[in-house]
$ cat target_38.txt   # compact mmCIF, C-alpha atoms and all ligand atoms
# COMPACT_ATOMS: atom_id res chain seq x y z
CA MET C 276 28.73 5.10 -117.95
CA LYS C 277 31.96 4.15 -116.21
CA ILE C 278 33.68 0.87 -116.99
CA LEU C 279 35.81 -1.08 -114.55
CA ILE C 280 37.61 -4.15 -115.87
CA CYS C 281 38.90 -6.59 -113.27
CA PRO C 282 41.45 -9.34 -113.93
CA ASP C 283 39.00 -12.15 -113.15
CA ALA C 284 35.45 -12.92 -112.05
CA ALA C 285 36.39 -13.22 -108.37
CA SER C 286 37.85 -9.72 -108.27
CA ALA C 287 34.85 -8.32 -110.19
CA ARG C 288 32.53 -9.81 -107.58
CA THR C 289 34.68 -8.43 -104.76
CA VAL C 290 34.56 -4.94 -106.24
CA ALA C 291 30.76 -5.19 -106.57
CA ALA C 292 30.34 -6.45 -103.00
CA ASN C 293 32.55 -3.62 -101.73
CA ILE C 294 30.43 -1.04 -103.54
CA LEU C 295 27.30 -2.45 -101.86
CA LYS C 296 29.08 -2.55 -98.50
CA ARG C 297 30.24 1.07 -98.80
CA GLN C 298 26.73 2.12 -99.77
CA ILE C 299 25.32 0.53 -96.59
CA LEU C 300 28.08 2.04 -94.43
CA ARG C 301 27.52 5.48 -95.95
CA LYS C 302 23.73 5.28 -95.65
CA PRO C 303 22.53 2.56 -93.25
CA SER C 304 18.93 3.12 -94.40
CA SER C 305 19.83 2.52 -98.06
CA VAL C 306 17.22 1.26 -100.49
CA LEU C 307 18.95 -1.41 -102.58
CA GLY C 308 17.68 -2.83 -105.84
CA LEU C 309 18.78 -6.45 -105.97
CA ALA C 310 19.23 -9.03 -108.72
CA THR C 311 19.31 -12.80 -108.94
CA GLY C 312 21.25 -15.20 -111.17
CA ARG C 313 24.51 -17.07 -110.84
CA THR C 314 26.65 -13.93 -111.08
CA MET C 315 25.09 -12.58 -107.89
CA GLU C 316 25.53 -15.64 -105.70
CA ALA C 317 29.17 -14.96 -104.81
CA ILE C 318 28.44 -11.26 -104.30
CA TYR C 319 25.82 -12.14 -101.69
CA LYS C 320 28.24 -14.61 -100.12
CA LEU C 321 30.77 -11.80 -99.67
CA LEU C 322 28.11 -9.55 -98.11
CA VAL C 323 27.07 -12.34 -95.73
CA ALA C 324 30.74 -12.71 -94.72
CA GLU C 325 30.93 -8.93 -94.11
CA HIS C 326 27.90 -9.23 -91.87
CA CYS C 327 29.15 -12.29 -89.96
CA GLU C 328 32.79 -11.28 -89.61
CA HIS C 329 32.64 -7.48 -89.49
CA GLY C 330 29.07 -6.77 -88.37
CA LEU C 331 27.86 -5.10 -91.59
CA ASP C 332 24.44 -3.94 -90.41
CA PHE C 333 21.42 -4.58 -92.62
CA SER C 334 18.84 -3.69 -89.96
CA SER C 335 17.79 -0.43 -91.63
CA VAL C 336 18.30 -1.53 -95.24
CA THR C 337 15.30 -1.89 -97.57
CA THR C 338 15.50 -4.04 -100.70
CA PHE C 339 13.52 -4.38 -103.92
CA ASN C 340 14.30 -7.28 -106.22
CA LEU C 341 14.12 -6.86 -109.95
CA ASP C 342 11.86 -9.73 -110.85
CA GLU C 343 9.99 -12.94 -110.11
CA TYR C 344 8.52 -15.79 -112.11
CA ILE C 345 4.74 -15.74 -112.42
CA GLY C 346 3.15 -18.85 -110.95
CA LEU C 347 5.80 -19.51 -108.31
CA ASP C 348 5.22 -18.49 -104.73
CA GLY C 349 8.02 -17.60 -102.34
CA ALA C 350 8.14 -21.08 -100.81
CA ASP C 351 8.96 -22.59 -104.19
CA GLU C 352 12.67 -23.42 -104.35
CA GLN C 353 12.91 -22.08 -107.88
CA SER C 354 11.38 -18.72 -107.05
CA TYR C 355 13.56 -15.65 -106.77
CA ARG C 356 12.12 -14.96 -103.30
CA TYR C 357 13.48 -18.33 -102.21
CA TYR C 358 16.82 -17.59 -103.88
CA MET C 359 17.08 -14.31 -101.97
CA GLN C 360 16.17 -15.97 -98.67
CA GLU C 361 18.80 -18.65 -99.28
CA HIS C 362 21.62 -16.42 -100.46
CA LEU C 363 21.13 -13.28 -98.42
CA PHE C 364 18.02 -12.46 -96.40
CA SER C 365 18.11 -15.39 -93.96
CA LYS C 366 21.84 -14.90 -93.37
CA VAL C 367 21.95 -11.20 -92.42
CA ASN C 368 20.01 -9.05 -89.95
CA ILE C 369 17.60 -7.56 -92.48
CA SER C 370 13.97 -7.09 -91.38
CA PRO C 371 11.77 -9.39 -93.48
CA GLU C 372 9.20 -6.62 -93.94
CA ARG C 373 11.86 -4.45 -95.58
CA THR C 374 12.60 -7.06 -98.27
CA HIS C 375 10.50 -6.86 -101.41
CA VAL C 376 10.28 -9.33 -104.28
CA PRO C 377 7.33 -9.16 -106.69
CA ASN C 378 4.73 -11.76 -105.73
CA GLY C 379 4.65 -14.21 -108.63
CA ALA C 380 1.63 -15.96 -107.11
CA ALA C 381 -0.51 -12.79 -107.00
CA ASP C 382 -4.04 -13.25 -108.38
CA ASP C 383 -3.80 -9.95 -110.20
CA VAL C 384 -0.29 -9.49 -111.59
CA ASN C 385 -1.13 -6.06 -113.00
CA LEU C 386 -2.18 -4.82 -109.59
CA GLU C 387 0.88 -6.46 -108.02
CA SER C 388 3.10 -4.63 -110.54
CA LYS C 389 1.39 -1.30 -109.88
CA ASN C 390 1.72 -1.77 -106.13
CA TYR C 391 5.39 -2.70 -106.52
CA GLU C 392 6.12 0.57 -108.33
CA ALA C 393 4.21 2.46 -105.65
CA ALA C 394 6.19 0.72 -102.88
CA ILE C 395 9.48 1.75 -104.52
CA ALA C 396 8.30 5.35 -104.70
CA GLN C 397 7.03 5.17 -101.12
CA ALA C 398 10.49 4.01 -99.98
CA GLY C 399 11.97 7.12 -101.60
CA GLY C 400 13.36 5.40 -104.70
CA ILE C 401 16.33 3.09 -105.13
CA ASP C 402 19.75 4.33 -104.03
CA LEU C 403 21.78 1.59 -105.68
CA GLN C 404 20.48 -0.89 -108.24
CA LEU C 405 22.50 -4.08 -108.71
CA LEU C 406 22.06 -5.68 -112.14
CA GLY C 407 23.19 -8.72 -114.07
CA LEU C 408 23.02 -9.09 -117.84
CA GLY C 409 21.15 -11.83 -119.66
CA GLN C 410 22.87 -13.37 -122.67
CA ASN C 411 20.28 -11.69 -124.87
CA GLY C 412 20.94 -8.30 -123.25
CA HIS C 413 18.04 -8.34 -120.81
CA ILE C 414 18.21 -6.50 -117.51
CA GLY C 415 15.77 -7.77 -114.91
CA PHE C 416 13.43 -9.62 -117.23
CA ASN C 417 13.14 -6.77 -119.74
CA GLU C 418 13.57 -8.82 -122.86
CA PRO C 419 14.70 -7.54 -126.28
CA LEU C 420 12.15 -5.16 -127.84
CA SER C 421 10.62 -4.21 -124.47
CA SER C 422 9.88 -0.50 -124.53
CA LEU C 423 12.76 1.33 -122.92
CA ASN C 424 10.15 3.46 -121.16
CA CYS C 425 8.36 0.62 -119.41
CA ARG C 426 7.63 0.23 -115.70
CA THR C 427 7.07 -2.81 -113.49
CA ARG C 428 4.77 -5.21 -115.33
CA ALA C 429 4.10 -8.79 -116.40
CA VAL C 430 6.20 -9.99 -119.35
CA THR C 431 6.66 -13.08 -121.49
CA LEU C 432 10.19 -14.45 -121.35
CA ALA C 433 12.27 -14.98 -124.47
CA GLN C 434 13.06 -18.53 -125.50
CA THR C 435 16.78 -17.80 -125.01
CA THR C 436 16.04 -16.81 -121.41
CA LEU C 437 14.19 -20.06 -120.76
CA GLU C 438 17.23 -21.89 -122.12
CA GLN C 439 19.66 -19.77 -120.11
CA ASN C 440 17.74 -20.35 -116.87
CA ALA C 441 16.88 -24.03 -117.47
CA GLU C 442 19.76 -25.12 -115.23
CA MET C 443 17.64 -24.22 -112.18
CA PHE C 444 14.69 -26.24 -113.58
CA ASP C 445 16.21 -29.71 -114.04
CA GLY C 446 17.92 -28.52 -117.20
CA ASN C 447 14.64 -28.42 -119.08
CA PRO C 448 13.60 -25.06 -120.65
CA ASP C 449 10.02 -26.32 -120.77
CA ASN C 450 9.96 -26.33 -116.97
CA VAL C 451 10.90 -22.65 -116.71
CA PRO C 452 7.85 -20.43 -116.19
CA SER C 453 7.36 -18.44 -119.38
CA ARG C 454 5.99 -15.33 -117.65
CA ALA C 455 7.46 -13.05 -115.03
CA ILE C 456 6.94 -9.74 -113.27
CA THR C 457 9.87 -7.37 -113.76
CA MET C 458 10.80 -3.87 -112.81
CA GLY C 459 10.81 -1.82 -116.01
CA THR C 460 13.80 -0.14 -117.59
CA ALA C 461 12.26 3.27 -116.76
CA THR C 462 12.11 2.19 -113.12
CA ILE C 463 15.73 1.02 -113.25
CA LEU C 464 16.83 4.31 -114.81
CA GLU C 465 15.39 6.20 -111.84
CA SER C 466 17.80 4.56 -109.38
CA SER C 467 20.43 6.97 -108.06
CA MET C 468 23.19 4.59 -109.09
CA ALA C 469 23.21 1.47 -111.25
CA LEU C 470 25.83 -1.26 -110.90
CA LEU C 471 25.94 -3.78 -113.74
CA VAL C 472 28.13 -6.84 -113.15
CA VAL C 473 29.08 -9.00 -116.15
CA THR C 474 31.49 -11.92 -116.07
CA GLY C 475 32.53 -14.75 -118.37
CA GLN C 476 33.38 -15.24 -122.03
CA ALA C 477 29.80 -16.18 -122.92
CA LYS C 478 28.71 -12.59 -122.27
CA ALA C 479 31.56 -10.83 -124.12
CA HIS C 480 29.54 -10.10 -127.25
CA ILE C 481 26.40 -8.89 -125.47
CA ALA C 482 28.50 -6.84 -123.03
CA ALA C 483 30.10 -5.03 -125.98
CA GLN C 484 26.68 -4.36 -127.53
CA THR C 485 25.35 -3.12 -124.19
CA ILE C 486 28.26 -0.78 -123.54
CA GLU C 487 29.34 0.32 -127.01
CA GLY C 488 26.39 -0.36 -129.27
CA PRO C 489 23.52 2.00 -129.96
CA VAL C 490 20.87 2.46 -127.26
CA THR C 491 18.23 0.15 -128.61
CA ALA C 492 15.26 -1.86 -127.38
CA ALA C 493 16.91 -4.83 -129.13
CA VAL C 494 19.50 -4.77 -126.31
CA PRO C 495 17.63 -3.56 -123.21
CA GLY C 496 20.83 -3.26 -121.13
CA SER C 497 22.05 -0.58 -123.56
CA VAL C 498 19.55 1.81 -121.95
CA LEU C 499 22.02 2.04 -119.05
CA GLN C 500 24.17 4.24 -121.31
CA SER C 501 21.63 6.96 -120.53
CA HIS C 502 21.69 6.36 -116.76
CA PRO C 503 23.28 9.39 -115.09
CA SER C 504 25.40 7.22 -112.79
CA CYS C 505 26.04 3.72 -114.06
CA LEU C 506 29.12 1.63 -113.33
CA VAL C 507 29.76 -1.56 -115.28
CA VAL C 508 32.10 -4.04 -113.61
CA LEU C 509 33.44 -6.74 -115.93
CA ASP C 510 36.10 -9.41 -115.80
CA GLU C 511 38.65 -9.66 -118.63
CA GLU C 512 36.65 -12.41 -120.35
CA ALA C 513 33.42 -10.41 -120.47
CA ALA C 514 35.40 -7.35 -121.59
CA SER C 515 37.20 -9.20 -124.39
CA ALA C 516 34.96 -7.96 -127.25
CA LEU C 517 35.04 -4.27 -126.28
CA MET C 518 36.40 -2.13 -129.12
CA GLY C 519 37.30 1.00 -127.19
CA ARG C 520 39.70 -0.65 -124.81
CA THR C 521 42.37 2.05 -125.07
CA ALA C 522 39.97 4.73 -123.86
CA ILE C 523 38.65 2.46 -121.10
CA ASP C 524 42.15 1.65 -119.87
CA TRP C 525 43.03 5.35 -119.88
CA GLN C 526 40.04 6.07 -117.62
CA LEU C 527 41.00 3.17 -115.38
CA LYS C 528 44.42 4.72 -114.86
CA HIS C 529 43.28 8.31 -114.40
CA ASP C 530 39.75 8.44 -112.95
CA PRO C 531 40.10 8.78 -109.17
CA GLU C 532 36.66 7.20 -108.60
CA LEU C 533 37.64 4.07 -110.56
CA ILE C 534 41.07 3.92 -108.92
CA ALA C 535 39.46 4.07 -105.46
CA LEU C 536 37.11 1.21 -106.34
CA MET C 537 40.05 -1.05 -107.15
CA ASP C 538 41.60 -0.60 -103.68
C1 LIG C 601 18.04 -13.85 -114.79
C2 LIG C 601 17.61 -12.59 -114.08
C3 LIG C 601 18.42 -11.43 -114.53
C4 LIG C 601 19.90 -11.76 -114.49
C5 LIG C 601 20.17 -12.91 -115.41
C6 LIG C 601 21.66 -13.26 -115.50
O1 LIG C 601 17.52 -13.96 -116.05
N1 LIG C 601 16.23 -12.27 -114.27
O2 LIG C 601 18.15 -10.32 -113.69
O3 LIG C 601 20.64 -10.67 -114.89
O4 LIG C 601 19.44 -13.99 -114.87
O5 LIG C 601 21.91 -14.47 -114.88
P1 LIG C 601 23.31 -15.15 -114.67
O6 LIG C 601 24.04 -14.30 -113.67
O7 LIG C 601 22.97 -16.48 -114.10
O8 LIG C 601 23.99 -15.19 -115.97
$ encode --input "target_38.txt" --output "structure tokens" --more "lines below"
Ligand code: GLP
Amino acid sequence: MKILICPDAASARTVAANILKRQILRKPSSVLGLATGRTMEAIYKLLVAEHCEHGLDFSSVTTFNLDEYIGLDGADEQSYRYYMQEHLFSKVNISPERTHVPNGAADDVNLESKNYEAAIAQAGGIDLQLLGLGQNGHIGFNEPLSSLNCRTRAVTLAQTTLEQNAEMFDGNPDNVPSRAITMGTATILESSMALLVVTGQAKAHIAAQTIEGPVTAAVPGSVLQSHPSCLVVLDEEAASALMGRTAIDWQLKHDPELIALMD
């Protein structure tokens, strides 16, 4: 796991957007794993700007989103499909048939999950998986105590997640669907590269557990410690509870890969 600490949230998002941009430039037919949530909104905005102002070409890119609420179809404004359309897909030249978000309105969510895994494999696997971190340590919607070996499947959301995501549902946790389809942590671990972006003071404690704590199902994001190529981009606030700061700062000064990312 490599750790990159940026002075503020804006620079963390810029670094993340640049990594995605470079991935697309290096491999125009990249398969990207995408995430939703507030952290990602500005990252997508930067990618849209790259497309509009510098012609960043999404025409051969394929995407797979991490998750979707069960019971919402893509036309529902609170669905993650809708979020992706709003923030990215409708604003760049990506082919709609190359964009994948689990279908939360599927009659058979188990079959939908199985087919989603198969579609990822069929696409040749994920080159770069973008991830946010829930305040309870979830990645995608893999909630605490999910098996670290799990694949795409239907899950029940934690109460803390309903509270965290209530803002998008009139501020009422009771309005948030309590079930979702999510890529599993085993699926996420198979991506060639994982990029976890964490910003804000509210996530400082869980970021420290994810990065420095034991690998445990109690903190699903901690499984990324075993990913062969995982970069965590944080702002100073999210990094404020890290214990091993001296070692991290040393790497930041001497690791050519990290230095290049800060350019
Ligand atoms: C949702 C998504 C997660 C995301 C999390 C963080 O719960 N399912 O994939 O990481 O939100 O959201 P935010 O960036 O709004 O804190």
$ residues_near_point --input "target_38.txt" --point "(12.8, -16.0, -97.5)" --cutoff "12 Å" --atoms "all atoms listed in the file" --output "PyMOL selection string"
chain C and resi 348-352+354-367+369-376
$ residues_around --input "target_38.txt" --residues "range 473-489 of chain C" --least-positions-apart "4" --cutoff "10 Å" --atoms "all atoms listed in the file" --output "MDAnalysis selection string"
chainID C and resid 276:278 280:281 283:285 287:288 314:315 406:413 493:500 507:519
$ axis_aligned_box --input "target_38.txt" --around "ligand LIG 601 (chain C)" --padding-each-side "8 Å" --output "AutoDock Vina command-line options"
--center_x 20.1 --center_y -13.4 --center_z -114.9 --size_x 23.8 --size_y 22.2 --size_z 18.4
$ closest_atom_pairs --input "target_38.txt" --of "range 378-432 of chain C" --to "range 325-340 of chain C" --cutoff "12 Å" --atoms "only C-alpha atoms" --output "CSV"
residue,atom,partner,partner_atom,distance
C:Asn378,CA,C:Asn340,CA,10.6
C:Tyr391,CA,C:Phe339,CA,8.7
C:Glu392,CA,C:Phe339,CA,9.9
C:Ala393,CA,C:Phe339,CA,11.7
C:Ala394,CA,C:Phe339,CA,9.0
C:Ile395,CA,C:Phe339,CA,7.4
C:Ala396,CA,C:Phe339,CA,11.1
C:Gln397,CA,C:Thr337,CA,11.4
C:Ala398,CA,C:Thr337,CA,8.0
C:Gly399,CA,C:Thr337,CA,10.4
C:Gly400,CA,C:Phe339,CA,9.8
C:Ile401,CA,C:Phe339,CA,8.1
C:Asp402,CA,C:Thr338,CA,10.0
C:Leu403,CA,C:Thr338,CA,9.8
C:Gln404,CA,C:Phe339,CA,8.9
C:Leu405,CA,C:Asn340,CA,9.1
C:Leu406,CA,C:Asn340,CA,9.9
C:Gly407,CA,C:Asn340,CA,11.9
C:Ile414,CA,C:Asn340,CA,12.0
C:Gly415,CA,C:Asn340,CA,8.8
C:Phe416,CA,C:Asn340,CA,11.3
C:Thr427,CA,C:Asn340,CA,11.2
$ write_last_selection --input "target_38.txt" --atoms "C-alpha atoms" --output "compact mmCIF listing (two decimals), keeping the file's coordinate frame"
# COMPACT_ATOMS: atom_id res chain seq x y z
CA ASN C 378 4.73 -11.76 -105.73
CA TYR C 391 5.39 -2.70 -106.52
CA GLU C 392 6.12 0.57 -108.33
CA ALA C 393 4.21 2.46 -105.65
CA ALA C 394 6.19 0.72 -102.88
CA ILE C 395 9.48 1.75 -104.52
CA ALA C 396 8.30 5.35 -104.70
CA GLN C 397 7.03 5.17 -101.12
CA ALA C 398 10.49 4.01 -99.98
CA GLY C 399 11.97 7.12 -101.60
CA GLY C 400 13.36 5.40 -104.70
CA ILE C 401 16.33 3.09 -105.13
CA ASP C 402 19.75 4.33 -104.03
CA LEU C 403 21.78 1.59 -105.68
CA GLN C 404 20.48 -0.89 -108.24
CA LEU C 405 22.50 -4.08 -108.71
CA LEU C 406 22.06 -5.68 -112.14
CA GLY C 407 23.19 -8.72 -114.07
CA ILE C 414 18.21 -6.50 -117.51
CA GLY C 415 15.77 -7.77 -114.91
CA PHE C 416 13.43 -9.62 -117.23
CA THR C 427 7.07 -2.81 -113.49
$ atom_distance --input "target_38.txt" --atom1 "CA of Glu465 in chain C" --atom2 "CA of Ser504 in chain C"
10.1 Å
$ residues_around --input "target_38.txt" --residues "Ser453 in chain C" --least-positions-apart "6" --cutoff "8 Å" --atoms "all atoms listed in the file" --output "PDB file with C-alpha atoms, in the coordinates of the input"
ATOM      1  CA  TYR C 344       8.520 -15.790-112.110  1.00  0.00           C
ATOM      2  CA  ILE C 345       4.740 -15.740-112.420  1.00  0.00           C
ATOM      3  CA  THR C 431       6.660 -13.080-121.490  1.00  0.00           C
ATOM      4  CA  LEU C 432      10.190 -14.450-121.350  1.00  0.00           C
ATOM      5  CA  ALA C 433      12.270 -14.980-124.470  1.00  0.00           C
ATOM      6  CA  LEU C 437      14.190 -20.060-120.760  1.00  0.00           C
TER       7      LEU C 437
END
$ atom_distance --input "target_38.txt" --atom1 "CA of Glu316 in chain C" --atom2 "CA of Val290 in chain C"
14.0 Å
$ closest_residue --input "target_38.txt" --among "C:Ala441, C:Ile294, C:Leu420, C:Met468" --to "ligand LIG 601 (chain C)" --atoms "all atoms listed in the file"
C:Ala441
$ closest_residue --input "target_38.txt" --among "C:Asn368, C:Leu295, C:Gly346, C:Leu322" --to "Asp382 in chain C" --atoms "all atoms listed in the file"
C:Gly346
$ atom_distance --input "target_38.txt" --atom1 "atom C6 of ligand LIG 601 (chain C)" --atom2 "CA of Val430 in chain C"
16.3 Å
$ residues_around --input "target_38.txt" --residues "Ser421 in chain C" --least-positions-apart "2" --cutoff "8 Å" --atoms "all atoms listed in the file" --output "PyMOL selection string"
chain C and resi 417-419+423+425+492-493+495
$ residues_around --input "target_38.txt" --residues "Leu533 in chain C" --least-positions-apart "4" --cutoff "7 Å" --atoms "only C-alpha atoms" --output "PDB file with C-alpha atoms, keeping the file's coordinate frame"
ATOM      1  CA  LEU C 279      35.810  -1.080-114.550  1.00  0.00           C
ATOM      2  CA  LEU C 527      41.000   3.170-115.380  1.00  0.00           C
ATOM      3  CA  MET C 537      40.050  -1.050-107.150  1.00  0.00           C
TER       4      MET C 537
END
$ closest_residue --input "target_38.txt" --among "C:Ala324, C:Val472, C:Val306, C:Arg297" --to "ligand LIG 601 (chain C)" --atoms "only C-alpha atoms and all ligand atoms"
C:Val472
$ residues_around --input "target_38.txt" --residues "Glu343 in chain C" --least-positions-apart "2" --cutoff "6 Å" --atoms "all atoms listed in the file" --output "list in words"
Tyr355, Pro377, Gly379, Ala455 and Ile456 of chain C
$ write_last_selection --input "target_38.txt" --atoms "C-alpha atoms" --output "PDB file, in the coordinates of the input"
ATOM      1  CA  TYR C 355      13.560 -15.650-106.770  1.00  0.00           C
ATOM      2  CA  PRO C 377       7.330  -9.160-106.690  1.00  0.00           C
ATOM      3  CA  GLY C 379       4.650 -14.210-108.630  1.00  0.00           C
ATOM      4  CA  ALA C 455       7.460 -13.050-115.030  1.00  0.00           C
ATOM      5  CA  ILE C 456       6.940  -9.740-113.270  1.00  0.00           C
TER       6      ILE C 456
END
$ closest_residue --input "target_38.txt" --among "C:Leu300, C:Ala461, C:Ala317, C:Leu307" --to "ligand LIG 601 (chain C)" --atoms "only C-alpha atoms and all ligand atoms"
C:Ala317
$ closest_residue --input "target_38.txt" --among "C:Ile299, C:Met458, C:Ala292, C:Leu386" --to "ligand LIG 601 (chain C)" --atoms "all atoms listed in the file"
C:Met458
